[in-house]
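Peer 1: The following file, query_32.cif, comprises mmCIF, C-alpha atoms; chains and numbers go by the auth columns:
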```cif
data_target
#
loop_
_atom_site.group_PDB
_atom_site.id
_atom_site.type_symbol
_atom_site.label_atom_id
_atom_site.label_comp_id
_atom_site.label_asym_id
_atom_site.label_seq_id
_atom_site.Cartn_x
_atom_site.Cartn_y
_atom_site.Cartn_z
_atom_site.B_iso_or_equiv
_atom_site.auth_seq_id
_atom_site.auth_asym_id
ATOM 1 C CA MET A 1 64.660 247.301 110.403 0.00 105 Y
ATOM 2 C CA ALA A 2 62.832 245.733 107.506 0.00 106 Y
ATOM 3 C CA ALA A 3 62.511 241.994 107.153 0.00 107 Y
ATOM 4 C CA PRO A 4 63.229 240.347 103.799 0.00 108 Y
ATOM 5 C CA ALA A 5 60.130 240.144 101.585 0.00 109 Y
ATOM 6 C CA ASP A 6 60.995 236.660 100.319 0.00 110 Y
ATOM 7 C CA ALA A 7 61.336 234.460 103.409 0.00 111 Y
ATOM 8 C CA ARG A 8 62.231 231.360 101.397 0.00 112 Y
ATOM 9 C CA LYS A 9 64.442 228.828 103.164 0.00 113 Y
ATOM 10 C CA ILE A 10 68.036 228.866 101.897 0.00 114 Y
ATOM 11 C CA VAL A 11 69.275 225.347 101.166 0.00 115 Y
ATOM 12 C CA LYS A 12 72.993 224.780 100.699 0.00 116 Y
ATOM 13 C CA LYS A 13 73.750 221.432 99.093 0.00 117 Y
ATOM 14 C CA ARG A 14 77.313 221.452 100.380 0.00 118 Y
ATOM 15 C CA MET A 15 78.950 223.743 102.925 0.00 119 Y
ATOM 16 C CA LYS A 16 82.433 222.202 102.904 0.00 120 Y
ATOM 17 C CA LYS A 17 85.030 223.436 100.441 0.00 121 Y
ATOM 18 C CA PHE A 18 86.294 221.161 97.678 0.00 122 Y
ATOM 19 C CA PRO A 19 89.969 220.590 98.534 0.00 123 Y
ATOM 20 C CA ARG A 20 92.532 220.164 95.804 0.00 124 Y
ATOM 21 C CA PHE A 21 93.625 216.564 95.370 0.00 125 Y
ATOM 22 C CA GLN A 22 96.709 215.760 97.510 0.00 126 Y
ATOM 23 C CA ALA A 23 96.911 219.338 98.835 0.00 127 Y
ATOM 24 C CA ASP A 24 96.990 217.901 102.365 0.00 128 Y
ATOM 25 C CA ARG A 25 100.268 216.123 101.579 0.00 129 Y
ATOM 26 C CA PHE A 26 102.318 219.175 100.572 0.00 130 Y
ATOM 27 C CA LYS A 27 102.597 222.452 102.442 0.00 131 Y
ATOM 28 C CA ARG A 28 103.607 224.274 99.263 0.00 132 Y
ATOM 29 C CA MET A 29 100.364 223.290 97.530 0.00 133 Y
ATOM 30 C CA ASN A 30 97.425 225.666 97.710 0.00 134 Y
ATOM 31 C CA PRO A 31 94.249 223.835 98.864 0.00 135 Y
ATOM 32 C CA ALA A 32 92.092 225.853 96.397 0.00 136 Y
ATOM 33 C CA TRP A 33 90.420 223.578 93.870 0.00 137 Y
ATOM 34 C CA ARG A 34 92.183 222.777 90.608 0.00 138 Y
ATOM 35 C CA LYS A 35 90.800 220.259 88.127 0.00 139 Y
ATOM 36 C CA PRO A 36 92.943 217.098 87.978 0.00 140 Y
ATOM 37 C CA ARG A 37 94.209 216.520 84.428 0.00 141 Y
ATOM 38 C CA GLY A 38 96.541 213.541 84.754 0.00 142 Y
ATOM 39 C CA ILE A 39 96.181 210.547 82.459 0.00 143 Y
ATOM 40 C CA ASP A 40 95.859 208.046 85.322 0.00 144 Y
ATOM 41 C CA GLY A 41 94.373 210.323 88.002 0.00 145 Y
ATOM 42 C CA ARG A 42 91.825 208.482 90.131 0.00 146 Y
ATOM 43 C CA VAL A 43 90.053 211.724 91.065 0.00 147 Y
ATOM 44 C CA ARG A 44 89.551 212.658 87.405 0.00 148 Y
ATOM 45 C CA ARG A 45 88.342 209.131 86.675 0.00 149 Y
ATOM 46 C CA LYS A 46 85.936 209.344 89.660 0.00 150 Y
ATOM 47 C CA PHE A 47 87.010 206.190 91.465 0.00 151 Y
ATOM 48 C CA LYS A 48 85.027 205.247 94.552 0.00 152 Y
ATOM 49 C CA GLY A 49 86.468 206.671 97.771 0.00 153 Y
ATOM 50 C CA SER A 50 88.553 209.373 96.105 0.00 154 Y
ATOM 51 C CA THR A 51 88.186 213.150 96.423 0.00 155 Y
ATOM 52 C CA ILE A 52 84.942 214.413 94.921 0.00 156 Y
ATOM 53 C CA ILE A 53 84.959 216.871 92.045 0.00 157 Y
ATOM 54 C CA PRO A 54 82.788 220.007 92.093 0.00 158 Y
ATOM 55 C CA ASN A 55 80.141 219.965 89.403 0.00 159 Y
ATOM 56 C CA ILE A 56 76.948 221.754 88.422 0.00 160 Y
ATOM 57 C CA GLY A 57 74.791 219.636 90.725 0.00 161 Y
ATOM 58 C CA TYR A 58 76.235 221.318 93.813 0.00 162 Y
ATOM 59 C CA GLY A 59 74.932 224.735 92.723 0.00 163 Y
ATOM 60 C CA SER A 60 72.466 226.679 94.863 0.00 164 Y
ATOM 61 C CA ASP A 61 68.860 227.366 93.984 0.00 165 Y
ATOM 62 C CA LYS A 62 68.672 230.291 91.547 0.00 166 Y
ATOM 63 C CA LYS A 63 66.133 232.077 93.709 0.00 167 Y
ATOM 64 C CA THR A 64 68.286 231.962 96.864 0.00 168 Y
ATOM 65 C CA ARG A 65 71.802 232.187 95.358 0.00 169 Y
ATOM 66 C CA PHE A 66 74.031 234.962 96.792 0.00 170 Y
ATOM 67 C CA ARG A 67 71.660 235.516 99.721 0.00 171 Y
ATOM 68 C CA LEU A 68 72.994 236.285 103.189 0.00 172 Y
ATOM 69 C CA LYS A 69 71.831 234.139 106.112 0.00 173 Y
ATOM 70 C CA ASN A 70 69.297 236.786 107.083 0.00 174 Y
ATOM 71 C CA GLY A 71 67.635 236.589 103.634 0.00 175 Y
ATOM 72 C CA PHE A 72 68.910 239.861 102.144 0.00 176 Y
ATOM 73 C CA TYR A 73 71.236 240.392 99.194 0.00 177 Y
ATOM 74 C CA LYS A 74 74.451 242.270 99.977 0.00 178 Y
ATOM 75 C CA PHE A 75 74.849 245.753 98.457 0.00 179 Y
ATOM 76 C CA LEU A 76 78.271 247.378 98.794 0.00 180 Y
ATOM 77 C CA VAL A 77 78.114 251.092 99.614 0.00 181 Y
ATOM 78 C CA ARG A 78 81.092 253.399 99.062 0.00 182 Y
ATOM 79 C CA SER A 79 79.414 256.791 99.595 0.00 183 Y
ATOM 80 C CA PRO A 80 76.283 258.186 101.251 0.00 184 Y
ATOM 81 C CA ALA A 81 74.851 258.778 97.753 0.00 185 Y
ATOM 82 C CA ASP A 82 74.912 255.029 97.096 0.00 186 Y
ATOM 83 C CA VAL A 83 72.384 254.482 99.905 0.00 187 Y
ATOM 84 C CA GLU A 84 69.818 256.500 97.922 0.00 188 Y
ATOM 85 C CA MET A 85 69.766 253.781 95.254 0.00 189 Y
ATOM 86 C CA LEU A 86 68.101 251.451 97.769 0.00 190 Y
ATOM 87 C CA LEU A 87 65.240 253.846 98.468 0.00 191 Y
ATOM 88 C CA MET A 88 62.484 251.358 97.566 0.00 192 Y
ATOM 89 C CA HIS A 89 64.454 248.144 98.100 0.00 193 Y
ATOM 90 C CA ASN A 90 64.710 247.841 101.893 0.00 194 Y
ATOM 91 C CA GLU A 91 63.082 244.389 101.815 0.00 195 Y
ATOM 92 C CA LYS A 92 65.541 242.936 99.316 0.00 196 Y
ATOM 93 C CA TYR A 93 69.005 244.417 99.905 0.00 197 Y
ATOM 94 C CA ALA A 94 71.168 244.907 102.995 0.00 198 Y
ATOM 95 C CA VAL A 95 73.825 247.619 103.062 0.00 199 Y
ATOM 96 C CA GLU A 96 77.451 246.653 103.561 0.00 200 Y
ATOM 97 C CA ILE A 97 79.836 249.568 104.003 0.00 201 Y
ATOM 98 C CA ALA A 98 83.097 249.197 102.076 0.00 202 Y
ATOM 99 C CA HIS A 99 86.206 248.480 104.156 0.00 203 Y
ATOM 100 C CA ASN A 100 88.052 251.671 103.177 0.00 204 Y
ATOM 101 C CA ILE A 101 85.391 254.135 104.367 0.00 205 Y
ATOM 102 C CA GLY A 102 86.319 256.356 107.324 0.00 206 Y
ATOM 103 C CA ALA A 103 84.380 256.800 110.557 0.00 207 Y
ATOM 104 C CA LYS A 104 82.773 260.125 109.570 0.00 208 Y
ATOM 105 C CA LYS A 105 81.328 258.837 106.285 0.00 209 Y
ATOM 106 C CA ARG A 106 80.290 255.569 107.964 0.00 210 Y
ATOM 107 C CA LYS A 107 78.235 257.521 110.467 0.00 211 Y
ATOM 108 C CA GLU A 108 76.465 259.410 107.647 0.00 212 Y
ATOM 109 C CA ILE A 109 75.746 256.166 105.781 0.00 213 Y
ATOM 110 C CA VAL A 110 74.341 254.422 108.872 0.00 214 Y
ATOM 111 C CA GLU A 111 72.117 257.396 109.737 0.00 215 Y
ATOM 112 C CA ARG A 112 70.695 257.581 106.209 0.00 216 Y
ATOM 113 C CA ALA A 113 70.192 253.808 106.127 0.00 217 Y
ATOM 114 C CA ASP A 114 68.210 254.024 109.374 0.00 218 Y
ATOM 115 C CA GLN A 115 65.959 256.686 107.835 0.00 219 Y
ATOM 116 C CA LEU A 116 65.313 254.416 104.853 0.00 220 Y
ATOM 117 C CA ARG A 117 64.821 251.395 107.177 0.00 221 Y
ATOM 118 C CA LEU A 118 67.719 249.502 105.599 0.00 222 Y
ATOM 119 C CA HIS A 119 69.645 246.722 107.319 0.00 223 Y
ATOM 120 C CA VAL A 120 73.383 247.490 107.687 0.00 224 Y
ATOM 121 C CA THR A 121 75.551 244.378 108.063 0.00 225 Y
ATOM 122 C CA ASN A 122 78.659 246.082 109.490 0.00 226 Y
ATOM 123 C CA ARG A 123 76.954 248.941 111.306 0.00 227 Y
ATOM 124 C CA PHE A 124 79.208 248.923 114.404 0.00 228 Y
ATOM 125 C CA SER A 125 82.596 248.884 112.689 0.00 229 Y
ATOM 126 C CA ARG A 126 84.902 251.874 113.368 0.00 230 Y
ATOM 127 C CA LEU A 127 82.543 253.200 116.002 0.00 231 Y
ATOM 128 C CA ARG A 128 84.262 254.858 118.944 0.00 232 Y
ATOM 129 C CA ALA A 129 83.220 253.834 122.461 0.00 233 Y
ATOM 130 C CA GLU A 130 82.810 257.486 123.565 0.00 234 Y
ATOM 131 C CA GLU A 131 80.255 258.203 120.831 0.00 235 Y
ATOM 132 C CA ASN A 132 77.922 255.506 122.132 0.00 236 Y
ATOM 133 C CA GLN A 133 77.419 257.202 125.520 0.00 237 Y
#
```
How would this structure read if it were set down as structure tokens?
Peer 2:
Amino acid sequence: MAAPADARKIVKKRMKKFPRFQADRFKRMNPAWRKPRGIDGRVRRKFKGSTIIPNIGYGSDKKTRFRLKNGFYKFLVRSPADVEMLLMHNEKYAVEIAHNIGAKKRKEIVERADQLRLHVTNRFSRLRAEENQ
């Protein structure tokens, strides 16, 4: 397996999600963030002690954005031919096999990725126990 070429430390400014204001009070309300637009809303007016609003300052560093924890960028592969695109990029991208790929194609993709020294994130999915022995 190749290690990522850029071993820069990934800094996340905030790991917690931004909950929607008052979503904890109603079961019918989706907790996904929505901007408060009320005329008297204390969250919109940024009162002390109220829910914080997501803004541009919480963004990740441009050089480490979209990186996985292991330092690679994710590359979704849907066919064995897609692996060939990463021929010279084994220090930057990690292969992730799409969820709807069958066991036979997965095996081909993993074998080819090993030849190219690529990291496969979901290498052991849909692998039968008998094949391992």
Peer 1: Write out as a ChimeraX atom specification which residues come within 7 Å of region 199-201 of chain Y when counting all atoms listed in the file, dropping same-chain ones fewer than 4 positions away.
Peer 2: /Y:178-182,222-226
Peer 1: Go ahead and dump the residues you just picked, C-alpha atoms, as a PDB file, keeping the file's coordinate frame.
Peer 2:
```
ATOM      1  CA  LYS Y 178      74.451 242.270  99.977  1.00  0.00           C
ATOM      2  CA  PHE Y 179      74.849 245.753  98.457  1.00  0.00           C
ATOM      3  CA  LEU Y 180      78.271 247.378  98.794  1.00  0.00           C
ATOM      4  CA  VAL Y 181      78.114 251.092  99.614  1.00  0.00           C
ATOM      5  CA  ARG Y 182      81.092 253.399  99.062  1.00  0.00           C
ATOM      6  CA  LEU Y 222      67.719 249.502 105.599  1.00  0.00           C
ATOM      7  CA  HIS Y 223      69.645 246.722 107.319  1.00  0.00           C
ATOM      8  CA  VAL Y 224      73.383 247.490 107.687  1.00  0.00           C
ATOM      9  CA  THR Y 225      75.551 244.378 108.063  1.00  0.00           C
ATOM     10  CA  ASN Y 226      78.659 246.082 109.490  1.00  0.00           C
TER      11      ASN Y 226
END
```
Peer 1: Which residues, named as in the file, does the PyMOL selection byres ((chain Y and resi 213) around 9) pick out? Answer as a list in words.
Peer 2: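 Output of the PyMOL selection byres ((chain Y and resi 213) around 9): Val181, Ser183, Pro184, Ala185, Asp186, Val187, Ile201, Lys208, Lys209, Arg210, Lys211, Glu212, Val214, Glu215, Arg216, Ala217 and Asp218 of chain Y.
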Peer 1: Evaluating the PyMOL selection byres ((chain Y and resi 135) around 10) on the displayed file yields which residues, as a ChimeraX atom specification?
Peer 2: /Y:121-128,130-134,136-138
Peer 1: Which residues come within 12 Å of Asn159 (chain Y), counting only C-alpha atoms, excluding same-chain residues fewer than 2 positions away, as a list in words?
Peer 2: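 Answer for this query is Lys117, Arg118, Phe122, Trp137, Lys139, Ile156, Ile157, Gly161, Tyr162, Gly163 and Ser164 of chain Y.
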Peer 1: Using all atoms listed in the file, which of Y:Pro158, Y:Tyr197, Y:Met119, Y:Met189 sits nearest Asn174 (chain Y)?
Peer 2: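 Checking each candidate against Asn174 (chain Y), we get Y:Tyr197 as the closest.
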Peer 1: Please write as a ChimeraX atom specification the full residue list that the PyMOL selection byres ((chain Y and resi 167) around 12) yields on this file.
Peer 2: /Y:110-115,163-166,168-171,175-177
Peer 1: Select, counting only C-alpha atoms, all protein, DNA and RNA residues no farther than 6 Å from (63.4, 241.2, 99.5) in file coordinates, and express the selection as a list in words.
Peer 2: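 Protein and nucleic acid residues near the point are Pro108, Ala109, Asp110, Glu195 and Lys196 of chain Y.
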Peer 1: What does the distance from CA of Phe228 (chain Y) to CA of Glu188 (chain Y) come to in Å, to one decimal?
Peer 2: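 Answer for the CA of Phe228 (chain Y) to CA of Glu188 (chain Y) separation: 20.4 Å.
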Peer 1: For a test of reading the model, state the distance in Å between CA of Ser229 (chain Y) and CA of Ala207 (chain Y), rounded to one decimal.
Peer 2: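 Result for CA of Ser229 (chain Y) versus CA of Ala207 (chain Y): 8.4 Å, one decimal.
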Peer 1: Separation of CA of Arg230 (chain Y) and CA of Ala202 (chain Y), in Å?
Peer 2: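 Computed distance, CA of Arg230 (chain Y) to CA of Ala202 (chain Y), equals 11.7 Å.
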